[in-house]
$ cat upload.tsv   # TSV, C-alpha atoms and all ligand atoms
chain	number	residue	atom	x	y	z
A	1	MET	CA	-2.33	13.86	-13.88
A	2	THR	CA	-3.26	10.66	-15.63
A	3	THR	CA	-4.93	11.27	-18.97
A	4	ALA	CA	-6.55	8.99	-21.48
A	5	THR	CA	-3.55	9.39	-23.71
A	6	GLN	CA	-1.08	8.16	-21.13
A	7	THR	CA	0.48	4.84	-21.94
A	8	TYR	CA	0.39	1.95	-19.54
A	9	GLU	CA	4.05	2.53	-18.61
A	10	GLU	CA	3.41	6.22	-17.97
A	11	THR	CA	0.43	5.47	-15.77
A	12	LEU	CA	2.46	3.04	-13.68
A	13	HIS	CA	5.15	5.67	-13.38
A	14	THR	CA	2.56	8.24	-12.22
A	15	LEU	CA	1.28	5.81	-9.62
A	16	SER	CA	4.82	5.05	-8.44
A	17	GLU	CA	5.66	8.75	-8.12
A	18	ALA	CA	2.46	9.26	-6.13
A	19	SER	CA	3.57	6.50	-3.78
A	20	VAL	CA	6.86	8.30	-3.22
A	21	HIS	CA	5.27	11.66	-2.51
A	22	GLN	CA	2.14	10.68	-0.66
A	23	HIS	CA	2.44	7.74	1.67
A	24	PHE	CA	1.76	6.94	5.28
A	25	ASP	CA	3.70	5.28	8.03
A	26	ALA	CA	1.70	3.35	10.59
A	27	PHE	CA	3.68	4.74	13.52
A	28	LEU	CA	4.59	8.22	12.29
A	29	ASP	CA	1.28	9.32	10.86
A	30	ILE	CA	-1.06	8.15	13.60
A	31	GLU	CA	-0.74	9.57	17.07
A	32	TRP	CA	-1.66	6.34	18.76
A	33	ASP	CA	-1.23	7.78	22.25
A	34	HIS	CA	-3.25	10.92	21.67
A	35	PRO	CA	-5.96	10.99	24.38
A	36	ASP	CA	-8.72	11.39	21.74
A	37	PHE	CA	-7.54	8.19	20.09
A	38	ALA	CA	-7.82	6.06	23.23
A	39	ILE	CA	-10.21	3.21	22.48
A	40	ARG	CA	-11.88	3.49	25.83
A	41	ALA	CA	-12.49	7.21	25.54
A	42	ASP	CA	-15.94	7.95	24.26
A	43	VAL	CA	-17.03	4.32	24.05
A	44	GLY	CA	-20.44	5.25	22.64
A	45	ARG	CA	-18.79	5.85	19.29
A	46	TRP	CA	-18.19	2.12	18.86
A	47	VAL	CA	-21.87	1.54	18.29
A	48	LEU	CA	-22.05	0.27	14.69
A	49	PRO	CA	-22.83	2.99	12.16
A	50	GLU	CA	-25.89	2.86	9.90
A	51	ALA	CA	-23.55	2.15	7.01
A	52	ASP	CA	-22.72	-1.26	8.51
A	53	ALA	CA	-25.42	-3.72	7.51
A	54	LEU	CA	-25.15	-5.57	10.81
A	55	GLY	CA	-25.76	-2.30	12.63
A	56	ARG	CA	-29.08	-1.88	10.81
A	57	THR	CA	-30.53	-5.24	11.84
A	58	ASP	CA	-33.42	-5.36	14.33
A	59	TRP	CA	-31.36	-7.78	16.38
A	60	TYR	CA	-28.58	-5.22	16.82
A	61	GLN	CA	-30.92	-2.26	17.28
A	62	GLU	CA	-32.68	-4.04	20.13
A	63	LEU	CA	-29.50	-4.89	22.06
A	64	PRO	CA	-28.87	-2.94	25.26
A	65	HIS	CA	-26.54	0.01	24.63
A	66	GLU	CA	-23.63	-1.69	26.39
A	67	ARG	CA	-23.90	-4.82	24.25
A	68	GLN	CA	-24.11	-2.63	21.15
A	69	ILE	CA	-20.78	-1.13	22.11
A	70	GLU	CA	-19.18	-4.53	22.77
A	71	VAL	CA	-20.43	-6.05	19.54
A	72	GLY	CA	-19.58	-2.87	17.63
A	73	LEU	CA	-16.00	-2.84	18.83
A	74	TYR	CA	-15.53	-6.56	18.18
A	75	ARG	CA	-17.07	-6.31	14.73
A	76	GLN	CA	-14.91	-3.37	13.70
A	77	ALA	CA	-11.75	-4.97	15.08
A	78	ASN	CA	-12.58	-8.26	13.37
A	79	VAL	CA	-13.17	-6.70	9.96
A	80	THR	CA	-9.83	-4.95	10.43
A	81	LYS	CA	-8.14	-8.26	11.25
A	82	VAL	CA	-9.59	-10.03	8.20
A	83	GLY	CA	-8.53	-7.06	6.08
A	84	LEU	CA	-4.95	-7.34	7.25
A	85	GLN	CA	-4.91	-11.09	6.65
A	86	PHE	CA	-5.92	-10.39	3.06
A	87	GLU	CA	-3.14	-7.86	2.81
A	88	GLN	CA	-0.63	-10.44	4.03
A	89	ILE	CA	-1.66	-12.74	1.20
A	90	LEU	CA	-1.45	-9.85	-1.21
A	91	ILE	CA	2.08	-8.94	-0.09
A	92	ALA	CA	3.24	-12.56	-0.44
A	93	GLY	CA	1.61	-12.72	-3.88
A	94	LEU	CA	3.24	-9.47	-5.02
A	95	MET	CA	6.65	-10.91	-4.14
A	96	ASN	CA	5.92	-14.05	-6.16
A	97	TYR	CA	4.71	-11.90	-9.01
A	98	ALA	CA	7.74	-9.58	-8.98
A	99	PHE	CA	10.29	-12.37	-8.60
A	100	ASN	CA	10.52	-13.28	-12.28
A	101	LEU	CA	9.71	-9.93	-13.82
A	102	PRO	CA	12.29	-9.03	-16.47
A	103	ASN	CA	14.75	-6.22	-15.83
A	104	GLY	CA	13.29	-2.88	-16.80
A	105	SER	CA	9.73	-4.06	-16.23
A	106	PRO	CA	7.44	-1.15	-15.31
A	107	GLU	CA	5.42	-3.38	-13.02
A	108	PHE	CA	8.37	-4.13	-10.74
A	109	ARG	CA	8.58	-0.70	-9.17
A	110	TYR	CA	4.88	-0.16	-8.69
A	111	SER	CA	4.13	-3.62	-7.32
A	112	THR	CA	6.86	-3.22	-4.72
A	113	HIS	CA	5.57	0.25	-3.78
A	114	GLU	CA	2.22	-1.42	-3.25
A	115	ALA	CA	3.75	-4.15	-1.09
A	116	THR	CA	5.48	-1.49	1.03
A	117	GLU	CA	2.19	0.31	1.57
A	118	GLU	CA	0.39	-2.91	2.42
A	119	CYS	CA	3.04	-3.71	5.04
A	120	HIS	CA	2.25	-0.39	6.71
A	121	HIS	CA	-1.45	-1.20	6.52
A	122	THR	CA	-0.98	-4.55	8.24
A	123	GLN	CA	0.96	-2.80	11.02
A	124	MET	CA	-1.65	-0.08	11.34
A	125	PHE	CA	-4.52	-2.58	11.39
A	126	GLN	CA	-2.86	-4.95	13.85
A	127	GLU	CA	-2.02	-2.07	16.17
A	128	PHE	CA	-5.68	-1.09	16.13
A	129	VAL	CA	-6.76	-4.67	16.87
A	130	ASN	CA	-4.26	-4.89	19.74
A	131	ARG	CA	-5.45	-1.64	21.24
A	132	SER	CA	-9.11	-2.62	20.86
A	133	GLY	CA	-8.55	-5.22	23.56
A	134	GLN	CA	-10.58	-7.68	21.45
A	135	ASP	CA	-9.05	-11.07	20.84
A	136	VAL	CA	-10.78	-11.30	17.49
A	137	ALA	CA	-11.06	-14.48	15.45
A	138	GLY	CA	-10.15	-13.01	12.06
A	139	CYS	CA	-10.80	-15.00	8.89
A	140	SER	CA	-12.56	-18.36	8.66
A	141	ARG	CA	-10.68	-21.62	9.17
A	142	ALA	CA	-11.06	-22.58	5.54
A	143	PHE	CA	-9.52	-19.32	4.41
A	144	ALA	CA	-6.67	-19.64	6.92
A	145	ALA	CA	-5.95	-23.12	5.54
A	146	ALA	CA	-5.86	-21.80	1.97
A	147	ALA	CA	-3.78	-18.74	2.86
A	148	PRO	CA	-0.28	-20.21	2.29
A	149	PHE	CA	-1.26	-21.37	-1.21
A	150	LEU	CA	-3.16	-18.39	-2.55
A	151	PRO	CA	-0.06	-16.23	-3.17
A	152	MET	CA	1.24	-18.88	-5.57
A	153	ALA	CA	-1.49	-17.83	-7.99
A	154	ALA	CA	0.42	-14.58	-8.50
A	155	LYS	CA	3.27	-16.48	-10.11
A	156	TRP	CA	1.29	-18.89	-12.27
A	157	VAL	CA	-1.89	-16.98	-13.07
A	158	PRO	CA	-1.18	-13.31	-12.36
A	159	PHE	CA	-4.30	-12.30	-14.29
A	160	GLY	CA	-6.50	-14.32	-11.95
A	161	PHE	CA	-4.49	-13.14	-8.96
A	162	PHE	CA	-5.05	-9.46	-9.70
A	163	TYR	CA	-8.77	-10.10	-10.06
A	164	GLY	CA	-8.49	-11.69	-6.60
A	165	VAL	CA	-6.78	-8.53	-5.36
A	166	LEU	CA	-9.77	-6.53	-6.53
A	167	ALA	CA	-12.12	-9.02	-4.87
A	168	GLY	CA	-10.43	-8.12	-1.59
A	169	GLU	CA	-9.90	-4.43	-2.15
A	170	GLU	CA	-13.15	-3.35	-3.81
A	171	PRO	CA	-15.55	-4.47	-1.03
A	172	ILE	CA	-13.40	-3.07	1.78
A	173	ASP	CA	-12.89	0.17	-0.08
A	174	HIS	CA	-16.59	0.42	-0.89
A	175	VAL	CA	-17.59	-0.17	2.75
A	176	GLN	CA	-14.98	2.23	4.15
A	177	LYS	CA	-15.95	4.98	1.71
A	178	THR	CA	-19.63	4.51	2.55
A	179	ILE	CA	-18.86	4.81	6.25
A	180	LEU	CA	-16.67	7.89	5.78
A	181	ARG	CA	-19.21	9.56	3.47
A	182	ALA	CA	-22.07	8.89	5.87
A	183	GLY	CA	-20.20	11.19	8.24
A	184	ASP	CA	-21.53	9.34	11.28
A	185	ASP	CA	-20.04	10.29	14.58
A	186	MET	CA	-17.31	7.69	14.36
A	187	HIS	CA	-14.35	7.15	16.63
A	188	PRO	CA	-11.51	9.48	15.57
A	189	LEU	CA	-8.89	6.70	15.60
A	190	LEU	CA	-10.86	4.49	13.23
A	191	GLN	CA	-11.66	7.50	11.08
A	192	ARG	CA	-7.96	8.35	10.73
A	193	ILE	CA	-7.12	4.74	9.85
A	194	MET	CA	-9.85	4.58	7.22
A	195	GLN	CA	-8.84	7.89	5.65
A	196	ILE	CA	-5.25	6.69	5.28
A	197	HIS	CA	-6.40	3.38	3.89
A	198	VAL	CA	-8.87	4.74	1.36
A	199	ALA	CA	-6.23	7.17	0.05
A	200	GLU	CA	-3.70	4.43	-0.67
A	201	GLU	CA	-6.14	1.77	-1.81
A	202	ALA	CA	-7.26	4.05	-4.63
A	203	ARG	CA	-3.81	3.60	-6.18
A	204	HIS	CA	-3.76	-0.16	-5.62
A	205	ILE	CA	-7.17	-0.58	-7.21
A	206	GLY	CA	-6.03	1.70	-10.04
A	207	PHE	CA	-3.00	-0.51	-10.67
A	208	ALA	CA	-5.03	-3.73	-10.69
A	209	HIS	CA	-7.44	-2.22	-13.23
A	210	GLN	CA	-4.55	-0.98	-15.39
A	211	TYR	CA	-2.75	-4.30	-15.25
A	212	LEU	CA	-5.83	-6.34	-16.16
A	213	ASP	CA	-6.78	-3.98	-18.99
A	214	HIS	CA	-3.25	-4.19	-20.33
A	215	GLN	CA	-2.93	-7.98	-20.11
A	216	ALA	CA	-6.40	-8.93	-21.31
A	217	PRO	CA	-5.71	-8.67	-25.06
A	218	LYS	CA	-2.71	-10.99	-24.65
A	219	LEU	CA	-4.74	-13.86	-23.17
A	220	ARG	CA	-5.10	-17.02	-25.19
A	221	ARG	CA	-8.64	-17.92	-26.15
A	222	PHE	CA	-8.74	-20.98	-23.88
A	223	ASP	CA	-7.32	-19.09	-20.89
A	224	ARG	CA	-9.81	-16.29	-21.43
A	225	ALA	CA	-12.70	-18.74	-21.38
A	226	ILE	CA	-11.54	-20.38	-18.15
A	227	LEU	CA	-10.79	-17.04	-16.49
A	228	SER	CA	-14.17	-15.61	-17.46
A	229	ILE	CA	-15.82	-18.32	-15.37
A	230	ALA	CA	-13.26	-18.09	-12.57
A	231	VAL	CA	-13.55	-14.32	-12.13
A	232	PRO	CA	-17.10	-14.16	-10.71
A	233	ILE	CA	-16.34	-17.14	-8.47
A	234	ILE	CA	-13.19	-15.47	-7.13
A	235	MET	CA	-15.17	-12.28	-6.54
A	236	ARG	CA	-17.96	-13.90	-4.65
A	237	VAL	CA	-15.88	-16.29	-2.53
A	238	LEU	CA	-13.39	-13.65	-1.43
A	239	CYS	CA	-16.07	-11.04	-0.84
A	240	ASP	CA	-17.87	-13.42	1.53
A	241	GLN	CA	-14.61	-14.10	3.34
A	242	ILE	CA	-14.24	-10.40	3.99
A	243	LEU	CA	-17.78	-9.35	4.80
A	244	VAL	CA	-19.42	-12.35	6.43
A	245	PRO	CA	-18.26	-12.97	10.02
A	246	SER	CA	-16.66	-16.40	10.48
A	247	ARG	CA	-18.32	-19.00	12.69
A	248	GLN	CA	-16.00	-18.14	15.57
A	249	ALA	CA	-16.64	-14.42	15.15
A	250	ARG	CA	-20.40	-15.01	15.15
A	251	LYS	CA	-20.06	-17.03	18.32
A	252	ASP	CA	-17.91	-14.36	19.96
A	253	MET	CA	-20.46	-11.67	19.12
A	254	GLY	CA	-23.45	-13.89	19.94
A	255	ILE	CA	-25.18	-13.24	16.62
A	256	PRO	CA	-28.06	-15.69	16.05
A	257	ARG	CA	-27.78	-17.83	12.92
A	258	SER	CA	-31.02	-16.51	11.48
A	259	VAL	CA	-29.74	-12.95	11.62
A	260	VAL	CA	-26.58	-13.92	9.75
A	261	LYS	CA	-28.55	-15.87	7.13
A	262	ASP	CA	-30.91	-12.96	6.49
A	263	LEU	CA	-28.14	-10.48	6.30
A	264	TYR	CA	-25.82	-12.55	4.07
A	265	TRP	CA	-27.62	-12.46	1.67
A	266	ARG	CA	-31.35	-13.16	1.90
A	267	GLN	CA	-32.81	-9.71	2.48
A	268	PRO	CA	-33.53	-7.62	-0.61
A	269	GLU	CA	-31.55	-4.75	0.88
A	270	SER	CA	-28.42	-6.81	1.45
A	271	ARG	CA	-28.80	-8.43	-1.97
A	272	LYS	CA	-28.66	-4.96	-3.44
A	273	MET	CA	-25.57	-4.14	-1.42
A	274	LEU	CA	-23.87	-7.31	-2.66
A	275	ARG	CA	-24.57	-6.38	-6.28
A	276	ASP	CA	-23.52	-2.78	-5.78
A	277	LEU	CA	-20.11	-3.79	-4.47
A	278	PHE	CA	-19.09	-5.04	-7.89
A	279	GLY	CA	-20.23	-2.33	-10.31
A	280	ASP	CA	-16.66	-1.30	-11.06
A	281	VAL	CA	-15.50	-4.89	-11.40
A	282	ARG	CA	-18.33	-5.66	-13.82
A	283	MET	CA	-17.22	-2.73	-15.94
A	284	LEU	CA	-13.67	-4.09	-15.90
A	285	ALA	CA	-14.93	-7.58	-16.71
A	286	GLU	CA	-16.72	-6.15	-19.76
A	287	ASP	CA	-13.59	-4.30	-20.84
A	288	THR	CA	-11.27	-7.28	-20.38
A	289	GLY	CA	-13.40	-9.76	-22.31
A	290	MET	CA	-14.53	-11.64	-19.21
A	291	MET	CA	-18.24	-11.32	-19.97
A	292	ASN	CA	-19.80	-13.91	-22.25
A	293	ARG	CA	-23.00	-15.93	-22.26
A	294	PHE	CA	-21.70	-18.51	-19.77
A	295	SER	CA	-19.87	-16.21	-17.43
A	296	ARG	CA	-22.88	-13.86	-17.23
A	297	LEU	CA	-24.88	-16.81	-16.00
A	298	VAL	CA	-22.28	-17.47	-13.29
A	299	TRP	CA	-22.41	-13.82	-12.20
A	300	ARG	CA	-26.19	-14.14	-12.00
A	301	LEU	CA	-26.16	-17.45	-10.10
A	302	LEU	CA	-23.75	-15.95	-7.61
A	303	LYS	CA	-26.06	-12.93	-7.21
A	304	ILE	CA	-23.42	-10.41	-8.19
A	305	ASP	CA	-24.82	-9.50	-11.60
A	306	GLY	CA	-26.14	-6.06	-12.40
A	307	PRO	CA	-25.27	-3.00	-14.42
A	308	ALA	CA	-21.61	-2.19	-14.94
A	309	SER	CA	-20.36	1.17	-13.67
A	310	ARG	CA	-19.97	3.68	-16.48
A	311	PHE	CA	-16.69	5.00	-15.15
A	312	ARG	CA	-14.53	4.55	-12.11
A	313	SER	CA	-12.38	7.02	-10.26
A	314	ALA	CA	-9.40	7.28	-12.55
A	315	PRO	CA	-5.93	6.70	-11.09
A	316	ALA	CA	-5.39	10.44	-11.33
A	317	SER	CA	-7.75	11.09	-8.45
A	318	ALA	CA	-6.15	8.15	-6.70
A	319	ALA	CA	-2.78	9.72	-7.01
B	1	FE	FE	-4.33	-2.01	2.30
B	2	FE	FE	-4.27	-2.37	-1.22

$ encode --input "upload.tsv" --output "structure tokens"
Amino acid sequence: MTTATQTYEETLHTLSEASVHQHFDAFLDIEWDHPDFAIRADVGRWVLPEADALGRTDWYQELPHERQIEVGLYRQANVTKVGLQFEQILIAGLMNYAFNLPNGSPEFRYSTHEATEECHHTQMFQEFVNRSGQDVAGCSRAFAAAAPFLPMAAKWVPFGFFYGVLAGEEPIDHVQKTILRAGDDMHPLLQRIMQIHVAEEARHIGFAHQYLDHQAPKLRRFDRAILSIAVPIIMRVLCDQILVPSRQARKDMGIPRSVVKDLYWRQPESRKMLRDLFGDVRMLAEDTGMMNRFSRLVWRLLKIDGPASRFRSAPASAA
């Protein structure tokens, strides 16, 4: 159990031990060839759940059932692909981060546990994409172009990098938990994948929060000021990369431009969703000295302001 009195080192040790005793292997822990897991079995289950904002649009609701299935499968495979591309950047960044850590550093062990788990996630996600039969587009071109350079941030500005990690992990985790909680009649393969992912992400998110909390007091005044402005921008840009389908993906699914514009993020309902995604991060931003008069304005301009969460699931429940 993680308690309030645990030191940073102890918490990282707890997280590391949890990684040893509870982890998943993409090819041992999913029975890919189980008949229930066949993508083509029970195709109706690929219709987008209510929890997916795209699934709630009038445009989607009015599609013929068969098109709903096609779009639903593409959409879910594409989100999975973008997720794994983020994880690839994260793994590369973790290696850059760990490279120069001093001997005996408590972060070394946990960050490499995390990289191991993310490798399994990329395998699990890619296997799902392959079996979906959808040749999905994945991330946008701009993001693909930036991908080789983003992991360098982990070496030079690890504080900013770990905020970026949260920008990727929090929205995906939030969406997956919402879908699992809604208890819709989802496809058992995707359900299994999401359960595995949510379980391990809880630790990763826990580590990022711990790391940022621990490092924040050591920041120089100038760095803190710059980072406070950068954090909301990182959050918003990366969140859009994950949640908004790229131009190619929109084309592949045949989603009209107006539908995309409304959904991301003109409608009041989707605005609310965008704000809600970052409640935990706003709490962390308060705690790590990232909220000031100027940065609050940036959060507001980027439409991700709002109340901070009062508590988040502690790493104990993650472990
Ligand atoms: Fe992951
Ligand atoms: Fe993760």

$ closest_atom_pairs --input "upload.tsv" --of "chain A" --to "ligand FE 1 (chain B)" --cutoff "10 Å" --atoms "all atoms listed in the file" --output "Markdown table"
| residue | atom | partner | partner_atom | distance |
| --- | --- | --- | --- | --- |
| A:Gly83 | CA | B:FE1 | FE | 7.6 |
| A:Leu84 | CA | B:FE1 | FE | 7.3 |
| A:Phe86 | CA | B:FE1 | FE | 8.6 |
| A:Glu87 | CA | B:FE1 | FE | 6.0 |
| A:Gln88 | CA | B:FE1 | FE | 9.4 |
| A:Leu90 | CA | B:FE1 | FE | 9.1 |
| A:Ile91 | CA | B:FE1 | FE | 9.7 |
| A:Glu114 | CA | B:FE1 | FE | 8.6 |
| A:Ala115 | CA | B:FE1 | FE | 9.0 |
| A:Thr116 | CA | B:FE1 | FE | 9.9 |
| A:Glu117 | CA | B:FE1 | FE | 7.0 |
| A:Glu118 | CA | B:FE1 | FE | 4.8 |
| A:Cys119 | CA | B:FE1 | FE | 8.0 |
| A:His120 | CA | B:FE1 | FE | 8.1 |
| A:His121 | CA | B:FE1 | FE | 5.2 |
| A:Thr122 | CA | B:FE1 | FE | 7.3 |
| A:Met124 | CA | B:FE1 | FE | 9.6 |
| A:Phe125 | CA | B:FE1 | FE | 9.1 |
| A:Gly168 | CA | B:FE1 | FE | 9.5 |
| A:Glu169 | CA | B:FE1 | FE | 7.5 |
| A:Ile172 | CA | B:FE1 | FE | 9.1 |
| A:Asp173 | CA | B:FE1 | FE | 9.1 |
| A:Met194 | CA | B:FE1 | FE | 9.9 |
| A:Ile196 | CA | B:FE1 | FE | 9.2 |
| A:His197 | CA | B:FE1 | FE | 6.0 |
| A:Val198 | CA | B:FE1 | FE | 8.2 |
| A:Ala199 | CA | B:FE1 | FE | 9.6 |
| A:Glu200 | CA | B:FE1 | FE | 7.1 |
| A:Glu201 | CA | B:FE1 | FE | 5.9 |
| A:Ala202 | CA | B:FE1 | FE | 9.7 |
| A:His204 | CA | B:FE1 | FE | 8.2 |

$ closest_residue --input "upload.tsv" --among "A:Gln215, A:Gln126, A:Ser19, A:Gln241" --to "Tyr264 of chain A" --atoms "all atoms listed in the file"
A:Gln241

$ atom_distance --input "upload.tsv" --atom1 "atom CA of Met253 of chain A" --atom2 "atom CA of Tyr74 of chain A"
7.2 Å

$ residues_around --input "upload.tsv" --residues "segment 145-154 of chain A" --least-positions-apart "4" --cutoff "7 Å" --atoms "all atoms listed in the file" --output "JSON, numbers by chain"
{"A": [89, 90, 92, 93, 94, 96, 97, 141, 158, 161]}

$ residues_around --input "upload.tsv" --residues "Asp135 of chain A" --least-positions-apart "3" --cutoff "10 Å" --atoms "all atoms listed in the file" --output "VMD selection string"
chain A and resid 74 77 to 78 129 to 130 132 138 252

$ closest_residue --input "upload.tsv" --among "A:Arg296, A:Lys272, A:Arg247, A:Arg131" --to "Leu190 of chain A" --atoms "only C-alpha atoms"
A:Arg131

$ atom_distance --input "upload.tsv" --atom1 "atom CA of Trp156 of chain A" --atom2 "atom CA of Leu227 of chain A"
12.9 Å

$ atom_distance --input "upload.tsv" --atom1 "atom CA of Lys177 of chain A" --atom2 "atom CA of Val165 of chain A"
17.8 Å

$ residues_around --input "upload.tsv" --residues "Phe37 of chain A" --least-positions-apart "3" --cutoff "9 Å" --atoms "only C-alpha atoms" --output "list in words"
Glu31, Trp32, Asp33, His34, Arg40, Ala41, His187, Pro188, Leu189 and Leu190 of chain A

$ closest_residue --input "upload.tsv" --among "A:Leu284, A:Met186, A:Ala167, A:Ala308" --to "ligand FE 2 (chain B)" --atoms "only C-alpha atoms and all ligand atoms"
A:Ala167

$ residues_around --input "upload.tsv" --residues "Gly183 of chain A" --least-positions-apart "5" --cutoff "12 Å" --atoms "all atoms listed in the file" --output "list in words"
Pro49, Glu50, Ala51, Gln176, Lys177, Thr178, Pro188 and Gln191 of chain A

$ closest_residue --input "upload.tsv" --among "A:Ser295, A:Gln76, A:Gln22, A:Ser111" --to "Ile226 of chain A" --atoms "all atoms listed in the file"
A:Ser295

$ residues_near_point --input "upload.tsv" --point "(2.2, 4.6, -5.8)" --cutoff "7 Å" --atoms "all atoms listed in the file" --output "MDAnalysis selection string"
chainID A and resid 15:20 110 113:114 203

$ write_last_selection --input "upload.tsv" --atoms "C-alpha atoms" --output "compact mmCIF listing (two decimals), keeping the file's coordinate frame"
# COMPACT_ATOMS: atom_id res chain seq x y z
CA LEU A 15 1.28 5.81 -9.62
CA SER A 16 4.82 5.05 -8.44
CA GLU A 17 5.66 8.75 -8.12
CA ALA A 18 2.46 9.26 -6.13
CA SER A 19 3.57 6.50 -3.78
CA VAL A 20 6.86 8.30 -3.22
CA TYR A 110 4.88 -0.16 -8.69
CA HIS A 113 5.57 0.25 -3.78
CA GLU A 114 2.22 -1.42 -3.25
CA ARG A 203 -3.81 3.60 -6.18

$ closest_residue --input "upload.tsv" --among "A:Asp276, A:Asp223, A:Asp29, A:Glu170" --to "ligand FE 2 (chain B)" --atoms "only C-alpha atoms and all ligand atoms"
A:Glu170

$ closest_residue --input "upload.tsv" --among "A:Val237, A:Leu54, A:Val136, A:Ala26" --to "Pro256 of chain A" --atoms "all atoms listed in the file"
A:Leu54

$ residues_near_point --input "upload.tsv" --point "(-20.7, -0.9, -13.2)" --cutoff "9 Å" --atoms "all atoms listed in the file" --output "PyMOL selection string"
chain A and resi 276+278-284+306-312

$ decode --input "upload.tsv" --residues "segment 96-143 of chain A" --atoms "C-alpha atoms" --output "PDB file, in the first residue's frame"
ATOM      1  CA  ASN A  96      16.793   8.976 -23.321  1.00  0.00           C
ATOM      2  CA  TYR A  97      15.690   9.870 -19.823  1.00  0.00           C
ATOM      3  CA  ALA A  98      17.247   6.786 -18.203  1.00  0.00           C
ATOM      4  CA  PHE A  99      20.511   6.998 -20.141  1.00  0.00           C
ATOM      5  CA  ASN A 100      22.214   9.535 -17.883  1.00  0.00           C
ATOM      6  CA  LEU A 101      20.537   8.712 -14.600  1.00  0.00           C
ATOM      7  CA  PRO A 102      23.128   8.287 -11.857  1.00  0.00           C
ATOM      8  CA  ASN A 103      23.808   4.847 -10.414  1.00  0.00           C
ATOM      9  CA  GLY A 104      21.408   4.046  -7.614  1.00  0.00           C
ATOM     10  CA  SER A 105      18.730   6.349  -9.000  1.00  0.00           C
ATOM     11  CA  PRO A 106      15.246   5.185  -7.964  1.00  0.00           C
ATOM     12  CA  GLU A 107      13.812   6.368 -11.265  1.00  0.00           C
ATOM     13  CA  PHE A 108      15.944   3.992 -13.331  1.00  0.00           C
ATOM     14  CA  ARG A 109      14.161   0.823 -12.329  1.00  0.00           C
ATOM     15  CA  TYR A 110      10.646   2.154 -12.552  1.00  0.00           C
ATOM     16  CA  SER A 111      11.096   3.968 -15.854  1.00  0.00           C
ATOM     17  CA  THR A 112      12.454   0.804 -17.446  1.00  0.00           C
ATOM     18  CA  HIS A 113       9.565  -1.248 -16.019  1.00  0.00           C
ATOM     19  CA  GLU A 114       7.290   1.265 -17.674  1.00  0.00           C
ATOM     20  CA  ALA A 115       9.124   0.964 -20.991  1.00  0.00           C
ATOM     21  CA  THR A 116       8.792  -2.830 -20.818  1.00  0.00           C
ATOM     22  CA  GLU A 117       5.055  -2.542 -20.266  1.00  0.00           C
ATOM     23  CA  GLU A 118       4.672  -0.036 -23.071  1.00  0.00           C
ATOM     24  CA  CYS A 119       6.479  -2.414 -25.452  1.00  0.00           C
ATOM     25  CA  HIS A 120       3.864  -5.046 -24.643  1.00  0.00           C
ATOM     26  CA  HIS A 121       1.130  -2.473 -25.221  1.00  0.00           C
ATOM     27  CA  THR A 122       2.466  -1.581 -28.658  1.00  0.00           C
ATOM     28  CA  GLN A 123       2.513  -5.282 -29.570  1.00  0.00           C
ATOM     29  CA  MET A 124      -0.979  -5.809 -28.215  1.00  0.00           C
ATOM     30  CA  PHE A 125      -2.348  -2.746 -30.006  1.00  0.00           C
ATOM     31  CA  GLN A 126      -0.646  -3.512 -33.319  1.00  0.00           C
ATOM     32  CA  GLU A 127      -1.889  -7.096 -33.212  1.00  0.00           C
ATOM     33  CA  PHE A 128      -5.411  -5.769 -32.752  1.00  0.00           C
ATOM     34  CA  VAL A 129      -4.987  -3.351 -35.668  1.00  0.00           C
ATOM     35  CA  ASN A 130      -3.638  -6.152 -37.874  1.00  0.00           C
ATOM     36  CA  ARG A 131      -6.515  -8.439 -37.010  1.00  0.00           C
ATOM     37  CA  SER A 132      -9.078  -5.673 -37.543  1.00  0.00           C
ATOM     38  CA  GLY A 133      -8.287  -5.852 -41.247  1.00  0.00           C
ATOM     39  CA  GLN A 134      -8.313  -2.030 -41.315  1.00  0.00           C
ATOM     40  CA  ASP A 135      -5.352  -0.346 -42.933  1.00  0.00           C
ATOM     41  CA  VAL A 136      -5.702   2.618 -40.606  1.00  0.00           C
ATOM     42  CA  ALA A 137      -3.950   5.940 -41.096  1.00  0.00           C
ATOM     43  CA  GLY A 138      -2.789   6.448 -37.503  1.00  0.00           C
ATOM     44  CA  CYS A 139      -1.521   9.844 -36.383  1.00  0.00           C
ATOM     45  CA  SER A 140      -1.489  13.031 -38.457  1.00  0.00           C
ATOM     46  CA  ARG A 141       1.373  13.822 -40.827  1.00  0.00           C
ATOM     47  CA  ALA A 142       2.561  16.687 -38.677  1.00  0.00           C
ATOM     48  CA  PHE A 143       2.794  14.451 -35.650  1.00  0.00           C
TER      49      PHE A 143
END
